[in-house]
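Reading through the structure tokens given below for one structure.
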Amino acid sequence: QVQLVESGGGLEQPGGSLRLSCAASGFSFGDYDMEWYRQAPGKERELVGSLSRFGPTNYRDSVMGRFTISTDGAKKTVFLQMNSLKPEDTAIYFCHAQRGMIHYWGKGTLVSVSS
């Protein structure tokens, strides 16, 4: 059974940091591109960043230099390190695995940035 389980969300003050984790199971982790999406209240889901199975990472402009995606292949886990958080980073963050037409989604973890 395929599972993507996110954790690490919570309430953080502006300027703070959070590290999200996504534990994967049920599929060949190393054969998929791993991505983080987010969806803020009343807005569409948007791509935060991606880590290709071939290595390159890409980030949306608004998080460039603040967020970093990494993986632990042995633990089949992908991370999103978020630094210098801003109120506009408030959203539900989703883990996504993709290979061609195959897509897997986690259920999300809520990140709230507020003073």
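Each chain in the structure tokens gets a letter, A, B and so on, in the order shown; residues start at 1 in every chain, and ligands are counted from 1 in the order they appear.
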Worksheet entry | 12 Å contact set for region 8-23 of chain A, only C-alpha atoms, chain neighbours under 4 positions out, as number ranges by chain | A: 2-4, 27, 29, 34-38, 66-97, 104-115
*Write down as a VMD selection string the residues belonging to region 1-53 of chain A that are assigned strand (DSSP E) by DSSP computed on the backbone.*
chain A and resid 3 to 7 10 to 12 18 to 25 33 to 39 46 to 51
Checklist line | Polymer residues at most 7 Å from region 53-58 of chain A, only C-alpha atoms, same-chain spacing of 6 or more positions, as an MDAnalysis selection string | finding: chainID A and resid 30:33
note - CA of Gln98 (chain A) and CA of Gln39 (chain A) are separated by 18.3 Å
DSSP on the backbone: what in chain A comes out helix (DSSP H, G or I), as a PDB file with all heavy atoms, in the first residue's frame?
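Written file, selection27.pdb:
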```
ATOM      1  N   PHE A  29      11.033   4.366  -3.879  1.00  0.00           N
ATOM      2  CA  PHE A  29      11.266   5.773  -3.566  1.00  0.00           C
ATOM      3  C   PHE A  29      12.268   6.434  -4.509  1.00  0.00           C
ATOM      4  O   PHE A  29      12.052   7.539  -4.997  1.00  0.00           O
ATOM      5  CB  PHE A  29      11.746   5.864  -2.109  1.00  0.00           C
ATOM      6  CG  PHE A  29      12.015   7.246  -1.620  1.00  0.00           C
ATOM      7  CD1 PHE A  29      10.972   8.086  -1.265  1.00  0.00           C
ATOM      8  CD2 PHE A  29      13.318   7.703  -1.481  1.00  0.00           C
ATOM      9  CE1 PHE A  29      11.212   9.365  -0.795  1.00  0.00           C
ATOM     10  CE2 PHE A  29      13.579   8.977  -1.007  1.00  0.00           C
ATOM     11  CZ  PHE A  29      12.520   9.816  -0.660  1.00  0.00           C
ATOM     12  N   GLY A  30      13.356   5.759  -4.788  1.00  0.00           N
ATOM     13  CA  GLY A  30      14.423   6.357  -5.586  1.00  0.00           C
ATOM     14  C   GLY A  30      14.075   6.537  -7.059  1.00  0.00           C
ATOM     15  O   GLY A  30      14.805   7.225  -7.785  1.00  0.00           O
ATOM     16  N   ASP A  31      12.966   5.979  -7.505  1.00  0.00           N
ATOM     17  CA  ASP A  31      12.571   6.067  -8.912  1.00  0.00           C
ATOM     18  C   ASP A  31      11.579   7.193  -9.176  1.00  0.00           C
ATOM     19  O   ASP A  31      11.085   7.329 -10.300  1.00  0.00           O
ATOM     20  CB  ASP A  31      11.948   4.748  -9.376  1.00  0.00           C
ATOM     21  CG  ASP A  31      12.956   3.624  -9.438  1.00  0.00           C
ATOM     22  OD1 ASP A  31      14.170   3.913  -9.559  1.00  0.00           O
ATOM     23  OD2 ASP A  31      12.547   2.453  -9.351  1.00  0.00           O
ATOM     24  N   ASP A  61       9.986  31.037  -6.774  1.00  0.00           N
ATOM     25  CA  ASP A  61      10.769  32.232  -6.468  1.00  0.00           C
ATOM     26  C   ASP A  61      10.583  32.703  -5.040  1.00  0.00           C
ATOM     27  O   ASP A  61      11.543  33.141  -4.375  1.00  0.00           O
ATOM     28  CB  ASP A  61      10.389  33.362  -7.432  1.00  0.00           C
ATOM     29  CG  ASP A  61      10.911  33.124  -8.838  1.00  0.00           C
ATOM     30  OD1 ASP A  61      11.753  32.213  -9.024  1.00  0.00           O
ATOM     31  OD2 ASP A  61      10.471  33.845  -9.758  1.00  0.00           O
ATOM     32  N   SER A  62       9.368  32.612  -4.519  1.00  0.00           N
ATOM     33  CA  SER A  62       9.070  33.190  -3.200  1.00  0.00           C
ATOM     34  C   SER A  62       9.741  32.439  -2.052  1.00  0.00           C
ATOM     35  O   SER A  62       9.801  32.972  -0.934  1.00  0.00           O
ATOM     36  CB  SER A  62       7.557  33.242  -2.975  1.00  0.00           C
ATOM     37  OG  SER A  62       7.003  31.941  -3.013  1.00  0.00           O
ATOM     38  N   VAL A  63      10.230  31.231  -2.289  1.00  0.00           N
ATOM     39  CA  VAL A  63      10.888  30.474  -1.214  1.00  0.00           C
ATOM     40  C   VAL A  63      12.371  30.246  -1.503  1.00  0.00           C
ATOM     41  O   VAL A  63      13.090  29.701  -0.655  1.00  0.00           O
ATOM     42  CB  VAL A  63      10.206  29.108  -0.974  1.00  0.00           C
ATOM     43  CG1 VAL A  63       8.708  29.283  -0.740  1.00  0.00           C
ATOM     44  CG2 VAL A  63      10.480  28.127  -2.090  1.00  0.00           C
ATOM     45  N   PRO A  87       4.558  35.160   7.220  1.00  0.00           N
ATOM     46  CA  PRO A  87       3.113  34.861   7.343  1.00  0.00           C
ATOM     47  C   PRO A  87       2.517  34.293   6.049  1.00  0.00           C
ATOM     48  O   PRO A  87       1.628  33.438   6.116  1.00  0.00           O
ATOM     49  CB  PRO A  87       2.512  36.224   7.691  1.00  0.00           C
ATOM     50  CG  PRO A  87       3.614  36.931   8.423  1.00  0.00           C
ATOM     51  CD  PRO A  87       4.876  36.500   7.731  1.00  0.00           C
ATOM     52  N   GLU A  88       3.015  34.712   4.919  1.00  0.00           N
ATOM     53  CA  GLU A  88       2.483  34.219   3.648  1.00  0.00           C
ATOM     54  C   GLU A  88       2.884  32.774   3.347  1.00  0.00           C
ATOM     55  O   GLU A  88       2.439  32.200   2.349  1.00  0.00           O
ATOM     56  CB  GLU A  88       2.897  35.126   2.488  1.00  0.00           C
ATOM     57  CG  GLU A  88       4.383  35.410   2.401  1.00  0.00           C
ATOM     58  CD  GLU A  88       4.745  36.740   3.040  1.00  0.00           C
ATOM     59  OE1 GLU A  88       4.209  37.056   4.137  1.00  0.00           O
ATOM     60  OE2 GLU A  88       5.590  37.460   2.459  1.00  0.00           O
ATOM     61  N   ASP A  89       3.716  32.197   4.201  1.00  0.00           N
ATOM     62  CA  ASP A  89       4.038  30.772   4.065  1.00  0.00           C
ATOM     63  C   ASP A  89       2.972  29.893   4.728  1.00  0.00           C
ATOM     64  O   ASP A  89       3.042  28.659   4.618  1.00  0.00           O
ATOM     65  CB  ASP A  89       5.397  30.459   4.684  1.00  0.00           C
ATOM     66  CG  ASP A  89       6.548  31.126   3.961  1.00  0.00           C
ATOM     67  OD1 ASP A  89       6.523  31.156   2.715  1.00  0.00           O
ATOM     68  OD2 ASP A  89       7.479  31.607   4.646  1.00  0.00           O
TER      69      ASP A  89
END
```
re CA of Gly100 (chain A) and CA of Gly42 (chain A): distance 29.1 Å
